[in-house]
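Q: What follows is protein-v9.tsv, TSV, C-alpha atoms.
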chain	number	residue	atom	x	y	z
A	1	MET	CA	32.36	54.42	105.56
A	2	LYS	CA	32.61	56.68	108.63
A	3	ILE	CA	33.04	60.46	108.85
A	4	ALA	CA	33.92	62.44	111.99
A	5	VAL	CA	32.72	66.06	112.03
A	6	ILE	CA	34.76	67.97	114.62
A	7	GLY	CA	33.81	71.49	115.70
A	8	ARG	CA	34.45	73.83	118.58
A	9	ARG	CA	31.12	74.26	120.33
A	10	PHE	CA	27.80	72.99	119.07
A	11	TYR	CA	26.02	73.94	122.30
A	12	ARG	CA	26.14	77.58	121.09
A	13	GLU	CA	26.36	77.73	117.33
A	14	GLY	CA	27.87	80.70	115.54
A	15	GLY	CA	28.24	81.07	111.78
A	16	ALA	CA	31.17	78.63	111.63
A	17	GLU	CA	29.30	75.94	113.57
A	18	LYS	CA	26.19	76.45	111.44
A	19	SER	CA	28.25	75.95	108.28
A	20	LEU	CA	29.81	72.76	109.62
A	21	ARG	CA	26.37	71.56	110.72
A	22	THR	CA	25.11	72.13	107.16
A	23	VAL	CA	27.94	69.96	105.84
A	24	LYS	CA	27.02	67.21	108.28
A	25	ASP	CA	23.31	67.38	107.45
A	26	ASN	CA	24.02	66.90	103.74
A	27	ILE	CA	26.26	63.84	104.04
A	28	ARG	CA	24.74	60.71	102.50
A	29	GLU	CA	22.59	58.66	104.85
A	30	ASP	CA	24.49	55.44	104.11
A	31	ILE	CA	27.64	57.03	105.59
A	32	GLU	CA	27.95	56.75	109.36
A	33	THR	CA	28.55	60.29	110.60
A	34	LYS	CA	29.30	61.45	114.13
A	35	VAL	CA	29.71	64.99	115.48
A	36	PHE	CA	32.41	65.76	118.05
A	37	GLY	CA	32.86	68.95	120.07
A	38	TYR	CA	33.62	70.01	123.62
A	39	LYS	CA	31.24	71.27	126.25
A	40	ARG	CA	31.18	74.77	127.65
A	41	ILE	CA	33.78	75.56	130.30
A	42	GLY	CA	32.51	74.48	133.70
A	43	GLU	CA	30.70	71.34	132.58
A	44	ASP	CA	33.66	69.00	132.89
A	45	ARG	CA	34.91	67.22	135.97
A	46	LEU	CA	38.07	69.23	136.66
A	47	SER	CA	37.35	71.40	139.69
A	48	ASN	CA	40.52	72.39	141.54
A	49	ARG	CA	39.49	75.67	143.19
A	50	PHE	CA	43.05	76.45	144.29
A	51	LEU	CA	44.32	76.94	140.76
A	52	PRO	CA	44.25	80.42	139.17
A	53	VAL	CA	41.31	80.61	136.76
A	54	GLU	CA	43.60	80.99	133.72
A	55	VAL	CA	45.49	77.79	134.58
A	56	HIS	CA	42.22	76.10	135.45
A	57	ASN	CA	40.68	76.94	132.06
A	58	PHE	CA	43.83	75.89	130.21
A	59	LEU	CA	43.87	72.49	131.91
A	60	ARG	CA	40.20	72.01	131.13
A	61	TYR	CA	40.93	72.79	127.50
A	62	LEU	CA	43.71	70.17	127.39
A	63	GLN	CA	41.48	67.68	129.18
A	64	ALA	CA	38.73	68.22	126.59
A	65	LEU	CA	41.17	67.64	123.71
A	66	TYR	CA	42.51	64.46	125.32
A	67	SER	CA	39.01	63.11	125.90
A	68	LEU	CA	37.93	63.92	122.35
A	69	ARG	CA	41.02	62.26	120.92
A	70	LYS	CA	40.08	58.99	122.61
A	71	ASP	CA	36.45	59.21	121.48
A	72	ILE	CA	37.41	59.92	117.87
A	73	LYS	CA	39.99	57.13	117.77
A	74	ASP	CA	37.38	54.73	119.14
A	75	PHE	CA	34.99	55.81	116.38
A	76	ASN	CA	37.77	55.12	113.84
A	77	PRO	CA	36.58	57.34	110.95
A	78	HIS	CA	37.77	57.14	107.36
A	79	LEU	CA	37.50	60.92	106.93
A	80	ILE	CA	37.81	63.86	109.35
A	81	LEU	CA	36.09	67.21	108.74
A	82	CYS	CA	37.43	69.80	111.21
A	83	GLN	CA	37.87	73.52	111.86
A	84	HIS	CA	39.32	76.03	114.37
A	85	GLU	CA	41.69	74.46	116.93
A	86	MET	CA	40.11	71.08	116.20
A	87	ILE	CA	42.34	70.73	113.14
A	88	VAL	CA	44.90	69.30	115.58
A	89	PHE	CA	43.11	65.95	115.36
A	90	ASN	CA	44.39	65.24	111.87
A	91	LEU	CA	47.82	64.91	113.52
A	92	PHE	CA	46.62	62.56	116.25
A	93	ILE	CA	44.58	60.36	113.93
A	94	ASP	CA	46.12	59.16	110.67
A	95	LYS	CA	43.11	59.50	108.38
A	96	LYS	CA	42.07	61.58	105.39
A	97	SER	CA	41.12	65.10	106.47
A	98	VAL	CA	39.40	68.25	105.25
A	99	VAL	CA	40.29	71.41	107.19
A	100	PHE	CA	37.93	74.40	107.15
A	101	LEU	CA	39.43	77.86	107.72
A	102	ARG	CA	36.70	80.17	109.01
A	103	ASP	CA	38.67	82.93	110.75
A	104	TYR	CA	42.12	84.14	111.80
A	105	SER	CA	42.45	81.76	114.75
A	106	ARG	CA	45.20	79.70	113.11
A	107	LEU	CA	47.12	82.87	112.27
A	108	HIS	CA	47.09	84.42	115.73
A	109	ARG	CA	47.54	82.98	119.15
A	110	THR	CA	44.59	81.49	120.98
A	111	SER	CA	44.44	83.71	124.05
A	112	PHE	CA	42.97	83.43	127.51
A	113	GLU	CA	41.65	86.66	129.00
A	114	GLY	CA	43.45	88.30	131.87
A	115	SER	CA	46.58	90.36	132.56
A	116	ASN	CA	48.31	88.49	135.38
A	117	ILE	CA	51.48	86.41	135.17
A	118	PHE	CA	49.61	83.13	134.71
A	119	THR	CA	47.74	84.42	131.67
A	120	MET	CA	50.91	85.88	130.17
A	121	ILE	CA	52.77	82.57	130.52
A	122	ILE	CA	49.90	80.51	129.10
A	123	ASN	CA	49.37	82.90	126.18
A	124	TRP	CA	53.09	82.88	125.40
A	125	PHE	CA	53.02	79.10	125.31
A	126	PHE	CA	49.86	79.09	123.21
A	127	SER	CA	51.34	81.51	120.70
A	128	TYR	CA	54.17	79.07	120.01
A	129	PHE	CA	51.95	75.97	120.28
A	130	ASN	CA	49.28	77.38	117.96
A	131	ARG	CA	51.76	78.28	115.23
A	132	ALA	CA	53.60	74.96	115.34
A	133	ILE	CA	50.49	72.79	115.47
A	134	SER	CA	48.62	74.80	112.82
A	135	SER	CA	51.55	74.54	110.42
A	136	LYS	CA	51.77	70.77	110.78
A	137	SER	CA	47.98	70.29	110.64
A	138	LEU	CA	47.60	72.35	107.47
A	139	GLU	CA	50.52	70.53	105.86
A	140	ARG	CA	48.93	67.21	106.81
A	141	ALA	CA	45.45	68.07	105.45
A	142	ASP	CA	44.29	66.48	102.20
A	143	LEU	CA	42.11	69.51	101.44
A	144	ILE	CA	41.97	73.02	102.94
A	145	ILE	CA	38.77	75.03	102.53
A	146	SER	CA	38.76	78.79	103.20
A	147	ASN	CA	35.54	80.78	103.46
A	148	SER	CA	36.77	83.56	101.15
A	149	ASP	CA	39.54	84.26	98.64
A	150	PHE	CA	40.74	86.96	101.03
A	151	LEU	CA	41.18	84.53	103.92
A	152	GLY	CA	42.76	81.93	101.66
A	153	GLU	CA	45.42	84.44	100.60
A	154	LYS	CA	46.16	85.23	104.26
A	155	TYR	CA	46.87	81.58	105.04
A	156	LYS	CA	48.82	81.08	101.83
A	157	LYS	CA	51.07	84.00	102.78
A	158	ASN	CA	51.62	82.72	106.34
A	159	TYR	CA	51.80	78.96	105.78
A	160	SER	CA	52.50	78.51	102.04
A	161	VAL	CA	49.42	76.31	101.61
A	162	GLU	CA	46.88	76.16	98.79
A	163	THR	CA	43.21	76.55	99.65
A	164	VAL	CA	39.89	76.15	97.86
A	165	THR	CA	37.27	78.83	98.50
A	166	VAL	CA	33.81	77.67	99.55
A	167	TYR	CA	31.69	80.46	100.97
A	168	PRO	CA	29.77	79.96	104.25
A	169	PHE	CA	26.53	78.04	103.82
A	170	VAL	CA	23.51	80.34	103.90
A	171	ASN	CA	20.10	78.73	103.46
A	172	LEU	CA	18.19	81.48	101.68
A	173	GLU	CA	14.78	80.11	102.65
A	174	ASP	CA	15.57	80.94	106.28
A	175	PHE	CA	15.80	84.65	105.41
A	176	LYS	CA	13.72	85.28	102.29
A	177	VAL	CA	10.64	87.51	102.64
A	178	LYS	CA	7.85	88.31	100.17
A	179	GLN	CA	7.92	92.05	100.72
A	180	THR	CA	10.46	94.46	102.16
A	181	GLY	CA	10.22	97.81	103.94
A	182	GLU	CA	11.78	101.27	104.09
A	183	LYS	CA	14.22	101.04	107.03
A	184	ILE	CA	18.02	101.16	107.01
A	185	LEU	CA	19.36	98.12	108.87
A	186	HIS	CA	22.49	97.57	110.96
A	187	VAL	CA	23.24	94.16	112.48
A	188	ASN	CA	25.40	93.86	115.62
A	189	PRO	CA	25.86	97.17	117.48
A	190	SER	CA	29.57	96.96	118.27
A	191	LYS	CA	32.48	99.25	117.55
A	192	LYS	CA	34.25	96.80	115.26
A	193	LYS	CA	31.01	96.31	113.30
A	194	GLY	CA	30.89	100.06	112.70
A	195	ILE	CA	27.94	101.07	114.86
A	196	PHE	CA	29.34	104.61	115.27
A	197	THR	CA	29.24	105.03	111.49
A	198	THR	CA	25.58	104.04	111.49
A	199	LEU	CA	24.80	106.34	114.42
A	200	GLU	CA	26.37	109.29	112.61
A	201	LEU	CA	24.46	108.43	109.42
A	202	ALA	CA	21.24	108.44	111.42
A	203	ARG	CA	22.06	111.90	112.76
A	204	ARG	CA	22.89	113.26	109.30
A	205	THR	CA	19.85	111.88	107.46
A	206	LYS	CA	16.09	111.64	107.86
A	207	HIS	CA	15.94	107.90	107.17
A	208	GLU	CA	14.54	105.54	109.79
A	209	PHE	CA	17.17	103.10	111.10
A	210	ILE	CA	16.83	99.79	112.92
A	211	VAL	CA	19.65	98.06	114.79
A	212	VAL	CA	19.49	94.44	115.92
A	213	GLY	CA	21.79	92.23	117.96
A	214	SER	CA	22.92	92.02	121.56
A	215	CYS	CA	24.71	95.07	122.98
A	216	GLU	CA	26.97	94.78	126.02
A	217	ASN	CA	28.33	98.33	125.76
A	218	LYS	CA	26.19	100.67	127.86
A	219	LYS	CA	27.54	103.80	126.14
A	220	ILE	CA	26.60	102.48	122.70
A	221	GLU	CA	23.18	101.37	123.90
A	222	ARG	CA	22.53	104.78	125.43
A	223	GLU	CA	23.53	106.56	122.21
A	224	MET	CA	21.23	104.32	120.18
A	225	ARG	CA	18.27	104.95	122.45
A	226	GLU	CA	18.93	108.71	122.36
A	227	THR	CA	18.87	108.80	118.54
A	228	ASP	CA	15.32	109.72	117.54
A	229	ASN	CA	15.23	108.09	114.10
A	230	LEU	CA	16.92	104.86	115.23
A	231	SER	CA	15.23	101.89	116.90
A	232	PHE	CA	17.35	99.39	118.84
A	233	LEU	CA	15.55	96.04	118.93
A	234	GLY	CA	18.14	93.82	120.62
A	235	TYR	CA	18.53	90.15	119.79
A	236	ILE	CA	16.13	88.82	117.14
A	237	GLU	CA	15.59	85.09	116.69
A	238	ASP	CA	13.96	85.21	113.23
A	239	MET	CA	15.60	87.79	110.96
A	240	ARG	CA	12.74	87.59	108.49
A	241	GLU	CA	10.81	89.86	110.86
A	242	ILE	CA	13.54	92.46	110.32
A	243	TYR	CA	14.07	91.99	106.59
A	244	GLU	CA	10.36	92.63	106.03
A	245	ARG	CA	11.03	96.16	107.29
A	246	THR	CA	14.37	96.74	105.51
A	247	LYS	CA	15.23	98.76	102.39
A	248	ILE	CA	19.04	98.76	102.67
A	249	ALA	CA	21.45	96.97	105.02
A	250	LEU	CA	24.68	98.60	106.19
A	251	VAL	CA	27.84	96.62	107.00
A	252	PRO	CA	30.35	99.38	107.92
A	253	SER	CA	32.83	97.04	109.62
A	254	GLN	CA	36.00	98.56	111.04
A	255	TRP	CA	37.97	95.32	110.90
A	256	GLU	CA	38.87	92.87	108.13
A	257	GLU	CA	36.04	90.38	108.33
A	258	PRO	CA	36.90	87.10	106.59
A	259	TYR	CA	33.48	87.20	104.91
A	260	GLY	CA	29.99	88.60	105.41
A	261	ARG	CA	26.77	86.60	105.67
A	262	ILE	CA	24.42	89.60	105.86
A	263	PRO	CA	24.64	90.53	102.13
A	264	ILE	CA	23.67	86.96	101.20
A	265	GLU	CA	20.78	86.90	103.66
A	266	THR	CA	19.40	90.28	102.56
A	267	GLY	CA	20.08	89.59	98.90
A	268	SER	CA	17.70	86.62	99.00
A	269	SER	CA	14.91	89.23	99.14
A	270	GLY	CA	16.56	91.72	96.81
A	271	ILE	CA	17.75	93.98	99.63
A	272	PRO	CA	21.12	95.58	98.77
A	273	SER	CA	23.84	95.65	101.44
A	274	ILE	CA	26.45	98.40	101.44
A	275	VAL	CA	29.75	97.13	102.87
A	276	SER	CA	33.05	98.71	103.86
A	277	LYS	CA	36.12	97.87	101.82
A	278	LYS	CA	37.46	95.53	104.47
A	279	GLY	CA	38.64	91.92	104.30
A	280	GLY	CA	36.31	89.52	102.51
A	281	LEU	CA	33.26	91.80	102.63
A	282	PRO	CA	33.59	92.93	98.97
A	283	GLU	CA	33.40	89.27	97.93
A	284	SER	CA	30.12	88.85	99.78
A	285	VAL	CA	28.30	91.54	97.76
A	286	GLY	CA	29.80	90.51	94.44
A	287	THR	CA	29.98	94.04	92.98
A	288	GLU	CA	32.08	97.15	93.54
A	289	LYS	CA	28.86	99.17	93.27
A	290	LEU	CA	28.06	98.29	96.90
A	291	VAL	CA	31.57	98.69	98.35
A	292	VAL	CA	32.81	101.94	99.92
A	293	GLU	CA	35.73	103.32	101.88
A	294	ASN	CA	35.11	103.20	105.59
A	295	LYS	CA	34.01	106.83	106.00
A	296	VAL	CA	30.64	108.21	107.04
A	297	SER	CA	30.54	110.58	104.06
A	298	LYS	CA	31.20	107.71	101.63
A	299	PHE	CA	28.41	105.63	103.14
A	300	GLN	CA	26.05	108.60	102.94
A	301	GLU	CA	26.87	109.12	99.26
A	302	LYS	CA	26.47	105.42	98.52
A	303	MET	CA	23.08	105.28	100.25
A	304	LYS	CA	21.83	108.04	97.92
A	305	GLU	CA	23.26	106.20	94.92
A	306	VAL	CA	21.65	102.90	95.91
A	307	LEU	CA	18.25	104.51	96.42
A	308	LYS	CA	18.55	106.21	93.03
A	309	ASN	CA	19.40	102.93	91.26
A	310	TYR	CA	17.48	100.68	93.62
A	311	GLU	CA	15.79	98.36	91.14
A	312	ASP	CA	19.03	97.44	89.33
A	313	LEU	CA	21.01	96.94	92.55
A	314	SER	CA	18.17	94.96	94.08
A	315	GLU	CA	18.24	92.55	91.13
A	316	GLU	CA	22.04	92.37	91.29
A	317	SER	CA	21.91	91.59	95.02
A	318	PHE	CA	19.36	88.85	94.40
A	319	ARG	CA	21.50	87.25	91.67
A	320	ASN	CA	24.55	87.39	93.93
A	321	SER	CA	22.70	85.56	96.72
A	322	GLN	CA	21.59	82.87	94.28
A	323	GLU	CA	25.17	82.33	93.11
A	324	LYS	CA	26.45	82.06	96.69
A	325	LYS	CA	23.60	80.16	98.35
A	326	ALA	CA	24.26	76.99	100.36
A	327	GLU	CA	23.30	74.60	97.56
A	328	MET	CA	25.87	76.11	95.18
A	329	GLN	CA	28.59	76.03	97.84
A	330	LEU	CA	27.88	72.38	98.63
A	331	ILE	CA	28.38	71.57	94.95
A	332	LYS	CA	31.76	73.35	95.06
A	333	LEU	CA	32.73	71.46	98.21
A	334	GLU	CA	31.64	68.13	96.71
A	335	LYS	CA	33.79	68.74	93.62
A	336	ALA	CA	36.80	69.72	95.74
A	337	ILE	CA	36.54	66.60	97.93
A	338	LYS	CA	36.07	64.39	94.88
A	339	LYS	CA	39.11	65.92	93.16
A	340	ASN	CA	41.47	65.90	96.16
A	341	ILE	CA	40.36	62.81	98.07
A	342	GLY	CA	38.46	60.79	95.48
A	343	TRP	CA	35.25	60.29	97.46
A	344	SER	CA	31.67	61.43	96.92
A	345	ILE	CA	30.06	62.00	100.32
A	346	PHE	CA	27.01	64.20	99.77
A	347	LYS	CA	23.39	63.36	98.99
Could you show the structure in this file as structure tokens?

A:
Amino acid sequence: MKIAVIGRRFYREGGAEKSLRTVKDNIREDIETKVFGYKRIGEDRLSNRFLPVEVHNFLRYLQALYSLRKDIKDFNPHLILCQHEMIVFNLFIDKKSVVFLRDYSRLHRTSFEGSNIFTMIINWFFSYFNRAISSKSLERADLIISNSDFLGEKYKKNYSVETVTVYPFVNLEDFKVKQTGEKILHVNPSKKKGIFTTLELARRTKHEFIVVGSCENKKIEREMRETDNLSFLGYIEDMREIYERTKIALVPSQWEEPYGRIPIETGSSGIPSIVSKKGGLPESVGTEKLVVENKVSKFQEKMKEVLKNYEDLSEESFRNSQEKKAEMQLIKLEKAIKKNIGWSIFK
């Protein structure tokens, strides 16, 4: 038996790629498994300097898909596991397929940056192309996995498809610490991740805050560095170093995140995460006790409440992480594949 695992970019793994990698790593050793993905833009052989960059990038994208199609057909898998725009391959290759929905990319157009006429034309085409291809690919799939009930409902509303929820795979041992600290944590200092909420909370309270993650916005970085009780640490490779210093994590997102990994990571050490009532974030904490309206005052009130009932909410956060850890999600995925396709593929 052969399985093709098809992802967007394994040269720079985000949460979606890590989850797909976890699936691949847990497939039985007697099954021949091969990973397919395209290289970063600029590494292929297309190099016409006279084309506008938007057209150039679009042609490279098409070239990558064409090349991958040939490679996958040559491999001749029995089962395809795919996500993002790679779900198109279940149309090109007539095999059983499992489609993973990780974000909104199949709901909205795939866009190329820029504001000139070339970008506008390409994005118009992609808007139509994305919708048509996504509809056919989802209809063709033998099983559709969404990474939250919230996201599954979005796709059901837009494409009239049924999905099975399997939360993103979080290996708790990669984040668990023996002892925690007293800091208030914020991960990813961007506007959509609610950094301005955290900055205002730091100004209003005497707590010590730490913020981690890359920051490309100079204004935000300057504000963080000018806030006396907040330390900006930049990108951190091993988050255990941070969780050892953390009492509470804040996830004050301004947008509807499909899901949140931070509450599962922190929960492995009994660290409660307070999340905004946005998208799939409430699912990630597993209790309304840690969900608030997206207002600074509400977060401030909830922080006081969590500190007052810390032991109970710490235990609840730990239990939630155990229920949603990677091993439990793999069991759910195994059952779904067995039920819908009839095969058992995991160790």

Q: Out of A:Val98, A:Ile195, A:Ile133, A:Ala249, which residue has the shortest atom-to-atom distance to Gly267 of chain A when counting all atoms listed in the file?

A: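 Using all atoms listed in the file, Gly267 of chain A sits closest to A:Ala249.
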
Q: Considering only C-alpha atoms, can you say which of A:Phe100, A:Tyr259, A:Phe232, A:Phe318 comes closest to Gly279 of chain A?

A: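 The shortest atom-to-atom distance to Gly279 of chain A comes from A:Tyr259.
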
Q: Hey, what's within 6 Å of segment 290-306 of chain A if we count only C-alpha atoms and toss same-chain stuff fewer than 3 positions away? As a CSV table (one decimal) with C-alpha atoms, in the coordinates of the input, please?

A:
chain,number,residue,atom,x,y,z
A,197,THR,CA,29.2,105.0,111.5
A,274,ILE,CA,26.4,98.4,101.4
A,275,VAL,CA,29.8,97.1,102.9
A,276,SER,CA,33.0,98.7,103.9
A,277,LYS,CA,36.1,97.9,101.8
A,309,ASN,CA,19.4,102.9,91.3
A,310,TYR,CA,17.5,100.7,93.6

Q: Write out as a ChimeraX atom specification each polymer residue whose atoms come within 9 Å of Val164 of chain A, counting only C-alpha atoms; drop sequence neighbours fewer than 3 positions from it.

A: /A:143-149,152,333,336

Q: Using atom CA of Asn229 of chain A and atom CA of Arg204 of chain A as the two end points, give the distance in Å to one decimal.

A: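 For atom CA of Asn229 of chain A relative to atom CA of Arg204 of chain A, the distance reads 10.4 Å.
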
Q: Please compute the atom CA of Lys332 of chain A-atom CA of Phe169 of chain A distance, one decimal, in Å.

A: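 Spanning atom CA of Lys332 of chain A to atom CA of Phe169 of chain A is a straight-line distance of 11.2 Å.
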
Q: Would you please work out which residue, of A:Thr227, A:Pro272, A:Asn26, A:Phe92, is nearest to Arg319 of chain A when using all atoms listed in the file?

A: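 Of A:Thr227, A:Pro272, A:Asn26, A:Phe92, the one nearest Arg319 of chain A is A:Pro272, counting all atoms listed in the file.
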
Q: Extract, using only C-alpha atoms, all DNA, RNA and protein residues at most 10 Å from Leu330 of chain A, discarding same-chain residues fewer than 3 positions from it, and format them as a ChimeraX atom specification.

A: /A:22-23,26,166-169,324-327,333-336,346

Q: Kindly indicate which residue among A:Phe89, A:Tyr66, A:Tyr243, A:Tyr104 lies nearest to Lys178 of chain A, using only C-alpha atoms for the distances.

A: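 Once distances to Lys178 of chain A are computed over only C-alpha atoms, the minimum belongs to A:Tyr243.
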
Q: Just the residues within 12 Å of Asp238 of chain A, please, counting all atoms listed in the file, with nothing from its chain fewer than 5 positions along; format it as a PyMOL selection string.

A: chain A and resi 173-177+212-213+243-244+265

Q: At what distance in Å, to one decimal, does atom CA of Thr163 of chain A lie from atom CA of Ile27 of chain A?

A: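 Pair atom CA of Ile27 of chain A / atom CA of Thr163 of chain A returns 21.6 Å.
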
Q: From the list A:Lys247, A:Leu307, A:Arg28, A:Met224, which residue is nearest Glu200 of chain A when using all atoms listed in the file?

A: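 Counting all atoms listed in the file, the residue closest to Glu200 of chain A is A:Met224.
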
Q: Find the residue from A:Leu250, A:Glu288, A:Ser214, A:Glu162 that sits nearest to Leu199 of chain A; use only C-alpha atoms when measuring.

A: A:Leu250
